[in-house]
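Colleague: My structure file structure.txt, compact mmCIF, C-alpha atoms and all ligand atoms, is below:
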# COMPACT_ATOMS: atom_id res chain seq x y z
CA MET B 270 1.82 9.82 23.84
CA TYR B 271 4.22 10.15 20.92
CA ALA B 272 4.58 7.24 18.51
CA TRP B 273 7.76 6.59 16.48
CA PRO B 274 9.32 8.02 13.30
CA ALA B 275 7.95 7.06 9.90
CA SER B 276 10.20 5.65 7.21
CA GLU B 277 9.84 7.15 3.72
CA VAL B 278 7.28 5.51 1.44
CA PRO B 279 8.40 5.94 -2.18
CA ALA B 280 5.67 6.79 -4.72
CA LEU B 281 5.24 4.22 -7.49
CA PRO B 282 4.17 4.63 -11.11
CA GLY B 283 0.60 3.62 -11.98
CA SER B 284 -2.11 3.19 -9.40
CA GLY B 285 -2.76 0.91 -6.48
CA ARG B 286 -5.65 -1.52 -6.02
CA ASP B 287 -8.55 -1.50 -3.63
CA LEU B 288 -8.09 -3.90 -0.75
CA ARG B 289 -10.18 -7.05 -0.52
CA ILE B 290 -9.86 -8.46 2.95
CA HIS B 291 -11.27 -11.25 5.09
CA ASP B 292 -13.80 -9.86 7.56
CA THR B 293 -14.40 -11.90 10.70
CA ARG B 294 -17.96 -10.58 11.16
CA THR B 295 -19.26 -11.65 7.76
CA GLY B 296 -16.87 -14.59 7.57
CA GLY B 297 -15.76 -13.79 4.05
CA PRO B 298 -13.85 -11.35 1.89
CA ILE B 299 -15.08 -7.79 1.50
CA THR B 300 -13.72 -5.08 -0.76
CA LEU B 301 -13.14 -2.02 1.35
CA ASP B 302 -14.24 1.30 -0.03
CA PRO B 303 -12.63 3.92 2.21
CA GLY B 304 -13.06 7.61 1.52
CA PRO B 305 -10.07 9.82 0.71
CA VAL B 306 -8.96 9.24 4.29
CA ALA B 307 -8.99 5.56 5.22
CA ARG B 308 -9.53 4.91 8.93
CA ILE B 309 -7.99 2.05 10.90
CA TYR B 310 -7.74 1.16 14.57
CA VAL B 311 -5.28 -1.55 15.60
CA CYS B 312 -5.17 -2.74 19.18
CA GLY B 313 -1.81 -1.98 20.75
CA ILE B 314 0.36 -3.75 23.27
CA THR B 315 0.00 -4.23 26.98
CA PRO B 316 3.53 -3.11 27.83
CA TYR B 317 4.69 -5.51 30.51
CA ASP B 318 7.19 -7.41 28.40
CA ALA B 319 9.14 -6.79 25.20
CA THR B 320 7.73 -7.05 21.66
CA HIS B 321 7.76 -10.70 20.61
CA LEU B 322 7.52 -12.06 17.08
CA GLY B 323 3.77 -12.65 17.47
CA HIS B 324 3.20 -8.95 18.13
CA ALA B 325 5.59 -8.06 15.33
CA ALA B 326 3.72 -10.32 12.87
CA THR B 327 0.40 -8.70 13.76
CA TYR B 328 1.68 -5.12 13.40
CA THR B 329 3.43 -6.04 10.14
CA ALA B 330 0.12 -7.37 8.76
CA PHE B 331 -1.67 -4.11 9.50
CA ASP B 332 1.28 -2.16 8.16
CA LEU B 333 0.52 -3.80 4.80
CA VAL B 334 -3.05 -2.47 5.00
CA GLN B 335 -1.67 1.01 5.41
CA ARG B 336 0.79 0.56 2.52
CA VAL B 337 -1.91 -0.75 0.15
CA TRP B 338 -4.05 2.29 0.94
CA LEU B 339 -1.15 4.73 0.55
CA ASP B 340 -0.50 3.20 -2.86
CA THR B 341 -4.07 4.18 -3.86
CA LYS B 342 -3.07 7.79 -3.02
CA ARG B 343 -5.35 7.87 -0.01
CA GLN B 344 -4.38 9.32 3.30
CA VAL B 345 -4.49 6.92 6.21
CA HIS B 346 -5.73 7.82 9.65
CA TYR B 347 -4.29 5.16 11.93
CA VAL B 348 -4.97 4.95 15.65
CA GLN B 349 -3.37 2.57 18.14
CA ASN B 350 -3.68 2.31 21.91
CA VAL B 351 -1.29 1.20 24.62
CA THR B 352 -2.95 -0.67 27.48
CA ASP B 353 -0.71 0.97 30.04
CA VAL B 354 -2.82 0.00 33.03
CA ASP B 355 -4.42 -3.45 33.31
CA ASP B 356 -4.28 -6.57 35.50
CA PRO B 357 -1.34 -8.37 33.77
CA LEU B 358 0.81 -5.23 33.85
CA LEU B 359 0.09 -4.61 37.53
CA GLU B 360 0.71 -8.28 38.36
CA ARG B 361 4.10 -8.25 36.58
CA ALA B 362 5.14 -5.02 38.33
CA GLU B 363 4.11 -6.50 41.69
CA ARG B 364 5.98 -9.77 40.99
CA ASP B 365 9.17 -7.90 40.09
CA GLY B 366 8.82 -5.25 42.79
CA GLU B 367 8.85 -2.56 40.13
CA ASP B 368 6.81 0.61 39.79
CA TRP B 369 4.09 -0.18 37.22
CA THR B 370 4.45 3.16 35.42
CA ALA B 371 8.21 2.64 35.03
CA LEU B 372 7.59 -0.86 33.62
CA ALA B 373 5.01 0.43 31.12
CA GLN B 374 7.23 3.30 30.01
CA ARG B 375 10.27 1.11 29.52
CA GLU B 376 8.46 -1.54 27.51
CA THR B 377 6.60 1.06 25.43
CA ALA B 378 9.94 2.71 24.61
CA LEU B 379 11.35 -0.65 23.51
CA PHE B 380 8.22 -1.30 21.41
CA ARG B 381 8.79 2.03 19.60
CA GLU B 382 12.38 1.01 18.82
CA ASP B 383 11.28 -2.39 17.54
CA MET B 384 8.55 -0.88 15.36
CA THR B 385 11.02 1.64 13.93
CA ALA B 386 13.57 -1.08 13.20
CA LEU B 387 10.91 -3.19 11.45
CA ARG B 388 9.87 -0.16 9.35
CA ILE B 389 6.30 -0.29 10.56
CA LEU B 390 4.61 3.00 9.76
CA PRO B 391 3.48 4.74 12.96
CA PRO B 392 -0.11 5.57 13.90
CA GLN B 393 -1.05 9.25 13.86
CA HIS B 394 -2.52 8.82 17.32
CA PHE B 395 -0.81 6.54 19.83
CA ILE B 396 -2.89 6.77 22.98
CA GLY B 397 -2.33 5.28 26.41
CA ALA B 398 -5.22 3.95 28.49
CA VAL B 399 -4.23 6.23 31.36
CA GLU B 400 -4.35 9.36 29.24
CA ALA B 401 -7.74 8.23 27.85
CA ILE B 402 -9.42 7.95 31.28
CA PRO B 403 -11.03 11.45 31.19
CA GLY B 404 -12.76 10.41 27.95
CA ILE B 405 -13.70 6.94 29.22
CA VAL B 406 -15.57 8.04 32.36
CA PRO B 407 -18.38 9.95 30.56
CA LEU B 408 -18.92 7.00 28.20
CA ILE B 409 -19.50 4.65 31.13
CA GLU B 410 -21.85 7.19 32.71
CA ARG B 411 -23.80 7.32 29.46
CA LEU B 412 -24.01 3.53 29.28
CA ARG B 413 -25.37 3.55 32.81
CA GLU B 414 -27.96 6.21 32.02
CA ALA B 415 -29.02 4.15 28.99
CA GLY B 416 -29.60 1.13 31.23
CA ALA B 417 -26.81 -0.80 29.51
CA ALA B 418 -24.57 -0.95 32.59
CA TYR B 419 -25.13 -2.12 36.16
CA GLU B 420 -23.31 -2.05 39.47
CA LEU B 421 -21.98 -5.07 41.33
CA ASP B 422 -20.33 -4.38 44.69
CA GLY B 423 -19.05 -1.02 43.45
CA ASP B 424 -17.79 -2.34 40.10
CA ILE B 425 -19.69 -1.48 36.93
CA TYR B 426 -20.48 -4.06 34.26
CA PHE B 427 -21.79 -3.81 30.72
CA SER B 428 -24.89 -5.82 29.94
CA VAL B 429 -24.33 -7.62 26.63
CA GLU B 430 -28.10 -8.02 26.24
CA SER B 431 -28.35 -4.27 25.65
CA ASP B 432 -26.90 -4.67 22.13
CA PRO B 433 -29.16 -6.54 19.70
CA ALA B 434 -26.13 -7.18 17.50
CA PHE B 435 -24.07 -8.74 20.30
CA GLY B 436 -22.35 -11.91 19.09
CA GLU B 437 -22.13 -11.02 15.43
CA VAL B 438 -18.41 -10.13 15.36
CA SER B 439 -17.11 -13.50 16.54
CA GLY B 440 -20.19 -15.59 15.70
CA LEU B 441 -19.51 -17.90 18.66
CA ASP B 442 -21.98 -19.96 20.69
CA SER B 443 -22.51 -19.03 24.32
CA ALA B 444 -20.49 -21.93 25.77
CA THR B 445 -17.45 -20.95 23.71
CA MET B 446 -17.92 -17.31 24.66
CA ARG B 447 -17.98 -18.28 28.31
CA ARG B 448 -14.81 -20.36 28.00
CA LEU B 449 -12.93 -17.64 26.11
CA SER B 450 -14.12 -14.99 28.51
CA ALA B 451 -12.50 -16.93 31.39
CA GLU B 452 -9.28 -17.40 29.41
CA ARG B 453 -9.02 -13.81 28.20
CA GLY B 454 -9.44 -11.52 31.15
CA GLY B 455 -13.17 -11.93 31.91
CA ASP B 456 -14.79 -13.24 35.09
CA PRO B 457 -17.72 -15.46 34.04
CA GLU B 458 -17.75 -17.19 37.44
CA ARG B 459 -18.38 -14.03 39.44
CA PRO B 460 -21.76 -14.34 41.18
CA GLY B 461 -24.38 -11.65 40.63
CA LYS B 462 -23.73 -10.89 36.97
CA LYS B 463 -26.68 -10.69 34.58
CA ASN B 464 -24.83 -12.66 31.94
CA PRO B 465 -21.60 -14.52 32.78
CA VAL B 466 -19.73 -12.89 29.89
CA ASP B 467 -20.73 -9.31 30.80
CA PRO B 468 -17.41 -7.41 30.84
CA ILE B 469 -16.28 -4.92 33.44
CA LEU B 470 -16.41 -1.24 32.51
CA TRP B 471 -15.11 0.31 35.73
CA ARG B 472 -13.26 -1.51 38.47
CA ALA B 473 -13.67 0.20 41.83
CA ALA B 474 -10.43 1.11 43.60
CA ARG B 475 -8.76 -1.75 45.51
CA ASP B 476 -6.01 -1.46 48.10
CA GLY B 477 -2.59 -1.39 46.49
CA GLU B 478 -3.95 -0.74 42.98
CA PRO B 479 -3.77 2.56 41.11
CA SER B 480 -7.09 4.37 40.78
CA TRP B 481 -8.47 7.53 39.24
CA ASP B 482 -11.32 9.89 40.01
CA GLY B 483 -14.32 8.56 38.10
CA ALA B 484 -16.74 11.37 39.02
CA GLY B 485 -20.13 9.64 39.55
CA LEU B 486 -18.47 6.23 39.13
CA GLY B 487 -16.29 6.68 42.21
CA ARG B 488 -12.55 6.04 42.24
CA GLY B 489 -11.37 3.17 40.09
CA ARG B 490 -9.87 2.20 36.75
CA PRO B 491 -11.35 1.38 33.36
CA GLY B 492 -12.04 -2.04 31.89
CA TRP B 493 -10.14 -3.16 28.84
CA HIS B 494 -12.76 -3.00 26.07
CA ILE B 495 -14.12 0.46 26.87
CA GLU B 496 -10.54 1.78 26.63
CA CYS B 497 -10.29 0.96 22.92
CA VAL B 498 -13.85 2.16 22.24
CA ALA B 499 -13.21 5.55 23.83
CA ILE B 500 -9.98 6.02 21.87
CA ALA B 501 -11.47 4.83 18.57
CA LEU B 502 -14.62 6.97 18.87
CA ASP B 503 -12.59 10.00 19.88
CA HIS B 504 -10.17 9.79 16.96
CA LEU B 505 -12.05 7.91 14.23
CA GLY B 506 -15.78 7.96 14.97
CA MET B 507 -18.23 5.19 14.05
CA GLY B 508 -18.05 3.11 10.90
CA PHE B 509 -14.28 3.26 10.41
CA ASP B 510 -12.80 0.90 7.86
CA VAL B 511 -10.75 -1.66 9.80
CA GLN B 512 -10.68 -2.79 13.43
CA GLY B 513 -7.56 -4.91 13.66
CA GLY B 514 -5.72 -7.21 16.01
CA GLY B 515 -4.68 -10.81 16.49
CA SER B 516 -7.30 -13.57 16.32
CA ASP B 517 -7.25 -13.82 20.13
CA LEU B 518 -8.97 -10.41 20.20
CA ALA B 519 -12.07 -11.36 18.18
CA PHE B 520 -13.73 -12.50 21.39
CA PRO B 521 -14.23 -10.98 23.85
CA HIS B 522 -12.34 -7.80 23.02
CA HIS B 523 -13.67 -6.80 19.61
CA GLU B 524 -17.10 -8.29 20.26
CA MET B 525 -17.49 -6.23 23.44
CA GLY B 526 -16.00 -3.11 21.91
CA ALA B 527 -18.49 -3.24 19.04
CA SER B 528 -21.38 -3.63 21.46
CA HIS B 529 -20.22 -0.81 23.73
CA ALA B 530 -19.94 1.56 20.76
CA GLN B 531 -23.18 0.47 19.11
CA VAL B 532 -25.17 0.98 22.31
CA LEU B 533 -23.46 4.33 22.98
CA THR B 534 -24.14 5.80 19.56
CA GLY B 535 -27.24 3.92 18.38
CA GLU B 536 -25.30 3.35 15.13
CA HIS B 537 -24.15 0.11 13.55
CA PRO B 538 -21.55 -1.17 12.83
CA PHE B 539 -18.69 0.06 14.96
CA ALA B 540 -16.22 -0.90 12.21
CA THR B 541 -16.84 -1.83 8.58
CA SER B 542 -14.48 -4.79 8.88
CA TYR B 543 -12.90 -6.78 11.69
CA VAL B 544 -9.57 -8.15 10.59
CA HIS B 545 -7.64 -10.72 12.60
CA SER B 546 -4.13 -12.04 12.16
CA GLY B 547 -3.14 -15.60 13.02
CA MET B 548 -1.12 -16.60 16.05
CA VAL B 549 2.61 -17.17 15.91
CA ALA B 550 3.73 -20.15 17.95
CA LEU B 551 7.02 -21.35 19.40
CA ASN B 552 7.61 -25.03 20.21
CA GLY B 553 4.03 -25.90 19.34
CA GLU B 554 2.31 -23.32 21.53
CA LYS B 555 1.04 -19.79 20.88
CA MET B 556 3.75 -17.30 21.83
CA SER B 557 2.39 -15.55 24.86
CA LYS B 558 3.67 -13.49 27.71
CA SER B 559 1.76 -15.58 30.19
CA LYS B 560 3.36 -18.83 28.94
CA GLY B 561 6.79 -17.25 28.56
CA ASN B 562 7.63 -19.04 25.27
CA LEU B 563 8.83 -15.90 23.58
CA VAL B 564 11.35 -14.75 21.02
CA PHE B 565 11.79 -11.01 21.30
CA VAL B 566 12.48 -8.73 18.35
CA SER B 567 14.98 -6.83 20.51
CA THR B 568 16.89 -10.02 21.34
CA LEU B 569 17.32 -10.85 17.67
CA ARG B 570 18.38 -7.27 16.96
CA ARG B 571 20.95 -7.43 19.76
CA GLU B 572 22.28 -10.66 18.27
CA GLY B 573 22.92 -8.71 15.08
CA VAL B 574 20.04 -10.03 12.97
CA ASP B 575 19.13 -7.51 10.28
CA PRO B 576 15.60 -6.24 11.10
CA VAL B 577 14.82 -6.31 7.38
CA ALA B 578 15.36 -10.08 7.50
CA ILE B 579 13.03 -10.34 10.51
CA ARG B 580 10.40 -8.46 8.53
CA LEU B 581 10.87 -10.76 5.54
CA ALA B 582 10.51 -13.79 7.80
CA LEU B 583 7.20 -12.42 9.12
CA LEU B 584 5.97 -11.67 5.60
CA SER B 585 6.75 -15.19 4.41
CA HIS B 586 3.55 -16.46 6.12
CA HIS B 587 0.05 -15.39 5.24
CA TYR B 588 -1.20 -13.05 7.95
CA ARG B 589 -4.28 -15.16 8.67
CA SER B 590 -2.48 -18.44 9.18
CA ASP B 591 -1.22 -19.70 12.51
CA TRP B 592 2.43 -20.58 12.13
CA GLU B 593 5.49 -21.61 14.03
CA TRP B 594 8.63 -19.51 14.44
CA THR B 595 11.77 -21.60 13.87
CA ASP B 596 15.41 -20.86 13.13
CA ALA B 597 14.81 -22.13 9.59
CA VAL B 598 12.19 -19.42 8.97
CA LEU B 599 14.76 -16.77 9.83
CA ASP B 600 17.58 -18.49 7.89
CA GLU B 601 15.43 -18.57 4.75
CA ALA B 602 14.62 -14.89 5.16
CA VAL B 603 18.30 -14.00 5.54
CA GLU B 604 19.09 -15.89 2.33
CA ARG B 605 16.18 -14.32 0.46
CA LEU B 606 17.29 -10.85 1.54
CA ALA B 607 20.81 -11.51 0.26
CA ARG B 608 19.43 -12.72 -3.10
CA TRP B 609 17.20 -9.66 -3.45
CA ARG B 610 19.98 -7.26 -2.50
CA ALA B 611 22.33 -8.85 -5.03
CA ALA B 612 19.62 -8.61 -7.69
CA VAL B 613 18.95 -4.89 -7.23
CA SER B 614 22.62 -3.96 -6.93
CA ARG B 615 23.19 -4.54 -10.67
CA PRO B 616 22.96 -1.52 -13.00
CA ASP B 617 20.18 -3.05 -15.14
CA GLY B 618 17.92 -6.07 -15.28
CA PRO B 619 14.67 -7.61 -16.53
CA SER B 620 11.74 -5.19 -16.81
CA ALA B 621 9.95 -4.83 -13.48
CA ASP B 622 6.68 -3.20 -14.59
CA ALA B 623 4.78 -6.50 -14.41
CA LEU B 624 6.35 -7.29 -11.05
CA VAL B 625 5.00 -4.09 -9.51
CA GLU B 626 1.51 -5.09 -10.66
CA GLU B 627 1.96 -8.61 -9.31
CA ILE B 628 2.92 -7.29 -5.88
CA ARG B 629 -0.06 -4.92 -5.94
CA GLU B 630 -2.40 -7.72 -7.01
CA ALA B 631 -1.14 -10.10 -4.32
CA LEU B 632 -1.45 -7.59 -1.47
CA ALA B 633 -4.87 -6.34 -2.60
CA ASP B 634 -6.03 -9.96 -2.44
CA ASP B 635 -6.30 -10.33 1.34
CA LEU B 636 -2.71 -9.20 1.95
CA ASP B 637 -1.14 -12.21 0.27
CA ALA B 638 2.45 -11.33 1.14
CA PRO B 639 3.84 -14.84 0.44
CA SER B 640 2.68 -14.52 -3.20
CA ALA B 641 4.22 -11.06 -3.41
CA LEU B 642 7.51 -12.46 -2.10
CA ALA B 643 7.36 -15.30 -4.63
CA ALA B 644 6.92 -12.76 -7.45
CA VAL B 645 10.02 -10.85 -6.32
CA ASP B 646 11.90 -14.17 -6.05
CA ARG B 647 11.07 -14.90 -9.69
CA TRP B 648 12.33 -11.48 -10.81
CA ALA B 649 15.54 -11.96 -8.77
CA GLU B 650 16.06 -15.37 -10.37
CA LEU B 651 15.62 -13.92 -13.86
CA GLN B 652 18.13 -11.24 -12.93
CA ARG B 653 20.59 -13.84 -11.62
CA SER B 654 20.40 -15.77 -14.87
CA GLY B 655 21.24 -12.59 -16.75
CA GLY B 656 17.81 -11.84 -18.16
CA GLY B 657 17.52 -8.15 -19.04
CA THR B 658 18.91 -4.73 -19.82
CA ASP B 659 16.27 -2.37 -18.45
CA GLU B 660 18.26 0.31 -16.63
CA GLY B 661 15.32 1.46 -14.53
CA ALA B 662 14.38 -2.00 -13.33
CA PRO B 663 16.58 -2.54 -10.22
CA GLY B 664 15.62 0.89 -8.86
CA LEU B 665 11.93 0.26 -9.52
CA VAL B 666 12.11 -3.09 -7.71
CA SER B 667 13.80 -1.44 -4.71
CA ARG B 668 11.15 1.25 -4.54
CA ALA B 669 8.24 -1.17 -4.99
CA VAL B 670 9.51 -3.59 -2.36
CA ASP B 671 10.10 -0.66 0.00
CA ALA B 672 6.74 1.08 -0.60
CA LEU B 673 4.50 -1.99 -0.65
CA LEU B 674 6.28 -4.49 1.59
CA GLY B 675 8.29 -2.14 3.82
CA VAL B 676 11.47 -4.02 2.90
CA ALA B 677 14.52 -1.77 2.50
CA LEU B 678 17.06 -3.27 0.12
N1 LIG B 701 -3.49 -4.36 24.76
C1 LIG B 701 -4.28 -5.41 24.21
C2 LIG B 701 -5.07 -4.99 23.01
S1 LIG B 701 -6.07 -3.58 23.33
C3 LIG B 701 -3.42 -6.64 23.85
O1 LIG B 701 -3.97 -7.62 23.40
N2 LIG B 701 -2.10 -6.51 24.05
S2 LIG B 701 -1.05 -7.68 23.76
O2 LIG B 701 0.24 -7.09 24.08
O3 LIG B 701 -1.41 -8.85 24.45
O4 LIG B 701 -1.10 -8.00 22.25
C4 LIG B 701 -0.83 -7.01 21.28
C5 LIG B 701 -1.25 -7.50 19.90
O5 LIG B 701 -0.46 -8.64 19.52
C6 LIG B 701 -2.71 -7.98 19.84
O6 LIG B 701 -3.27 -7.62 18.58
C7 LIG B 701 -2.60 -9.48 19.92
O7 LIG B 701 -3.69 -10.12 19.29
C8 LIG B 701 -1.31 -9.73 19.17
N3 LIG B 701 -0.64 -10.98 19.58
C9 LIG B 701 -0.37 -11.40 20.83
N4 LIG B 701 0.24 -12.61 20.82
C10 LIG B 701 0.37 -12.96 19.51
C11 LIG B 701 0.92 -14.11 18.82
N5 LIG B 701 1.47 -15.11 19.47
N6 LIG B 701 0.86 -14.11 17.46
C12 LIG B 701 0.30 -13.07 16.78
N7 LIG B 701 -0.22 -11.97 17.36
C13 LIG B 701 -0.19 -11.92 18.71
ZN ZN B 702 -7.87 -3.11 22.01
In structure tokens, how does this file's structure come out?
Modeller:
Amino acid sequence: MYAWPASEVPALPGSGRDLRIHDTRTGGPITLDPGPVARIYVCGITPYDATHLGHAATYTAFDLVQRVWLDTKRQVHYVQNVTDVDDPLLERAERDGEDWTALAQRETALFREDMTALRILPPQHFIGAVEAIPGIVPLIERLREAGAAYELDGDIYFSVESDPAFGEVSGLDSATMRRLSAERGGDPERPGKKNPVDPILWRAARDGEPSWDGAGLGRGRPGWHIECVAIALDHLGMGFDVQGGGSDLAFPHHEMGASHAQVLTGEHPFATSYVHSGMVALNGEKMSKSKGNLVFVSTLRREGVDPVAIRLALLSHHYRSDWEWTDAVLDEAVERLARWRAAVSRPDGPSADALVEEIREALADDLDAPSALAAVDRWAELQRSGGGTDEGAPGLVSRAVDALLGVAL
């Protein structure tokens, strides 16, 4: 499917820095060394409700990855999926008496608008689960031929024991895996499975559910993890630089995806790094569609909030921290935006060469956006107190903040 339009990314003087980022698999920072084309896969939405600020925070974090790489003059090959058929989507459509395809299309369209408004650079490939089915079926057949998949009452499961590296992405013990599997779409209680956390690869057709021709698999629909594996292998291949998503995806989703791909190809690892953003909460609980404690980007936009201020609010927290959305977070961002806009609207100002390097340094150090924002604050304060006559400085600050932080002043 088509993605959304890209905003311009101004070129900056000097050169960008290589990105050092926290990798969930190794549990520490690693300096990424992408080739001339950096490759990233970020898990996309399940489009049964509008984009909330948790989603927006996650996509903003990975947008910074792309901007840091672009600043090093690399090209970026970015792939994102849309889980446009899955249990929660079908359940919501059923509850509301709506056609599930209409629901998915409407929410995906709104997501595109929100991403555009937040100046998040689009992926080159934006692929729906449904359109990926012809590529998913042969992968499941191959897993079956390799003895890594088994049938249970017509459904097909992946055997986690088939991957010697299983467990290394999340590093969790089996009791925790079992608990998270139950919470996050798995079925550890189902009798007959080889391992309780074995995930479904192909769900045989049920009455009232959409299904597709799965050749030797029979009619059915794909499981969640194999969807992202098929799309990532098709467009990026093995060993791509970053597999990204929120921290709730580390297990089971990214763990299972890595195992599927490693068994399929005999290569290791699926991704060089697994990068996870923290969870945004509202009223003390993780914002989630199932709990309904949501603030939507589109609601704020309709209320007249400048999307640039929303973006600044998201950037004011480190991407790996769990944090709480409050009115104060947005109010501070609105004030900061006004201060920055006033600072760059003057004809001259304090030299900004060092500021550009500070922003680069902060982002290259595990995407430390709050430190980058603090550096711009300091420049704006110097400007306010009348500290300089460099005629190129306000323009350079505008371009740097735009290119590296995606903030249009
Ligand atoms: N379609 C799958 C991924 S293949 C999915 O998880 N969809 S989602 O709509 O539930 O979430 C989309 C992205 O937003 C995921 O990366 C998820 O980790 C992230 N996300 C969901 N809730 C929050 C939250 N409260 N805070 C931060 N990120 C979140
Ligand atoms: Zn995914």
Colleague: Please identify all protein, DNA and RNA residues within 7 Å of ligand LIG 701 (chain B), counting all atoms listed in the file, and report them as an MDAnalysis selection string.
Modeller: chainID B and resid 312:316 322:324 326:327 350:352 493 497 514:518 546:550 555:557
Colleague: Using all atoms listed in the file, which protein or nucleic acid residues come within 6 Å of region 529-544 of chain B? Drop anything in the same chain fewer than 4 positions from it, and give the result as a VMD selection string.
Modeller: chain B and resid 292 to 293 432 507 to 513
Colleague: I need the residue nearest Arg308 (chain B) from this list: B:Thr370, B:Glu430, B:His291, B:Ala501. Use all atoms listed in the file for the distance.
Modeller: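 Checking each candidate against Arg308 (chain B), we get B:Ala501 as the closest.
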Colleague: Which one is closest to Asp467 (chain B): B:Ala444, B:Val603, B:Val429, B:Val498? Count all atoms listed in the file.
Modeller: B:Val429
Colleague: At most 12 Å from (-0.2, 12.0, 5.9), file frame, only C-alpha atoms: which residues, as number ranges by chain?
Modeller: B: 275, 277-278, 305-307, 335-336, 338-339, 342-347, 390-393
Colleague: Kindly list the centre and edge lengths in Å, rounded to one decimal, for the axis-aligned box that covers all listed atoms of region 287-306 of chain B plus 8 Å on each of its six sides, as lines of an AutoDock Vina configuration file.
Modeller:
center_x = -13.7
center_y = -2.4
center_z = 3.8
size_x = 27.2
size_y = 40.4
size_z = 30.8
Colleague: Do you have the CA of Leu632 (chain B)-CA of Arg605 (chain B) distance handy?
Modeller: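 The value is 19.0 Å.
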Colleague: Interatomic distance between CA of Lys560 (chain B) and CA of Glu524 (chain B)?
Modeller: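 Those two atoms sit 24.6 Å apart.
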Colleague: Point out the residue among B:Leu599, B:Ile396, B:Ala451, B:Leu581 with the least atom-to-atom distance to ligand ZN 702 (chain B), counting only C-alpha atoms and all ligand atoms.
Modeller: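 Once distances to ligand ZN 702 (chain B) are computed over only C-alpha atoms and all ligand atoms, the minimum belongs to B:Ile396.
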Colleague: Hey, what's within 12 Å of Leu408 (chain B) if we count only C-alpha atoms and toss same-chain stuff fewer than 6 positions away? As a PyMOL selection string, please?
Modeller: chain B and resi 401-402+414-415+417-418+427+470-471+483-486+491-492+494-500+502-503+529-534
Colleague: Let me make sure I understand: among B:Arg453, B:His523, B:His504, B:Arg286, which one has the smallest atom-to-atom distance to ligand ZN 702 (chain B) if we use all atoms listed in the file?
Modeller: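 Smallest separation from ligand ZN 702 (chain B) among the options: B:His523.
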Colleague: Using only C-alpha atoms and all ligand atoms, which of the listed residues (B:Asp659, B:Asp353, B:Glu452, B:Glu382) sits closest to ligand ZN 702 (chain B)?
Modeller: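 The answer is B:Asp353, which sits nearest to ligand ZN 702 (chain B).
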Colleague: Given all atoms listed in the file as the basis, pick out the residue of B:Asp622, B:Glu420, B:Asp355, B:Asp287 nearest to ligand ZN 702 (chain B).
Modeller: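 The shortest atom-to-atom distance to ligand ZN 702 (chain B) comes from B:Asp355.
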Colleague: Which residues of region 485-597 of chain B have any atom within 9 Å of an atom in region 661-675 of chain B when counting all atoms listed in the file, and what is the closest pair of atoms for each, with the distance in Å to one decimal? Order the rows by chain and rising number and write it as a Markdown table.
Modeller:
| residue | atom | partner | partner_atom | distance |
| --- | --- | --- | --- | --- |
| B:Val577 | CA | B:Gly675 | CA | 8.5 |
| B:Arg580 | CA | B:Gly675 | CA | 8.2 |
| B:Leu581 | CA | B:Leu674 | CA | 8.7 |
| B:Leu584 | CA | B:Leu674 | CA | 8.2 |
Colleague: If you count all atoms listed in the file, which residues fall within 8 Å of region 361-366 of chain B, apart from same-chain ones fewer than 4 positions away, as an NGL selection string?
Modeller: :B and (317 or 357 or 372)
Colleague: In Å to one decimal, how far is CA of Ser585 (chain B) from CA of Leu678 (chain B)?
Modeller: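 Spanning CA of Leu678 (chain B) to CA of Ser585 (chain B) is a straight-line distance of 16.3 Å.
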